[in-house]
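Working notes, beginning with the structure itself.
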Amino acid sequence: MLKKSYIEKQGICVVTFNVRFDGASKVELVGEWNGWTPEVMNKKRDGSFWLMKRLRSGREYRFKYLIDGNAWENDPYADGYVPNPFGTTDSLVRC
């Protein structure tokens, strides 16, 4: 699930990424906003994972989740999906 809020005076979109992958012990968020560098997400007691990002408003960003260091997954609640050079798709968040 993507939750967004805006700091309009600064042109910032605050996005909270929140996902659940049953059985996952570690989930990392990777996206084009930082050159696809994995960022470890925080794990909640209920087994879901979350991370908050401040992104520039008025843009679309590609992203994916890296599960336990070896499986790539899209966000089931992304704003959209686009093909990538690897023959799969990336998730989109629109700010």
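Residues in the structure tokens are numbered from 1 in each chain, the chains being A, B, ... in the order shown, and ligands are numbered from 1 in the order shown.
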Item to check | Residue set, chain A restricted to strand (DSSP E), as a ChimeraX atom specification | outcome: /A:2-7,12-19,27-31,39-40,42-43,49-56,60-67,71-73,80-83,89-94
Item to check | Nearby residues (only C-alpha atoms) at most 7 Å from region 70-81 of chain A, same-chain spacing under 2 positions excluded, as number ranges by chain | outcome: A: 1-2, 64-68, 83, 89-94
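Proximity ranking of A:Thr88, A:Ser57, A:Ser48, A:Ser25 relative to Gln10 (chain A) places A:Ser57 first, based on only C-alpha atoms.
Coordinates place CA of Gly58 (chain A) at a distance of 29.4 Å from CA of Phe21 (chain A).
CA of Gly31 (chain A) lies 22.5 Å from CA of Glu8 (chain A).
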Checklist entry - Skipping near chain neighbours, those fewer than 4 positions away, what residues fall within 7 Å of Val40 (chain A) using only C-alpha atoms, listed as a ChimeraX atom specification? => result /A:27-29
Checklist entry - So which one's closest to Arg54 (chain A), A:Cys95, A:Val14, A:Ile7, A:Gly69? Using only C-alpha atoms, please. => result A:Val14
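Comparing A:Lys4, A:Arg62, A:Lys9, A:Lys53 by their smallest distance to Met41 (chain A), the closest is A:Lys53 (using only C-alpha atoms).
One distance worth recording is that between CA of Asn42 (chain A) and CA of Phe63 (chain A), which is 16.9 Å.
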Item to check | Contact residues around Lys43 (chain A) with only C-alpha atoms at 10 Å, ignoring same-chain residues under 3 positions, as a ChimeraX atom specification | outcome: /A:18-20,24-27,40,46-51
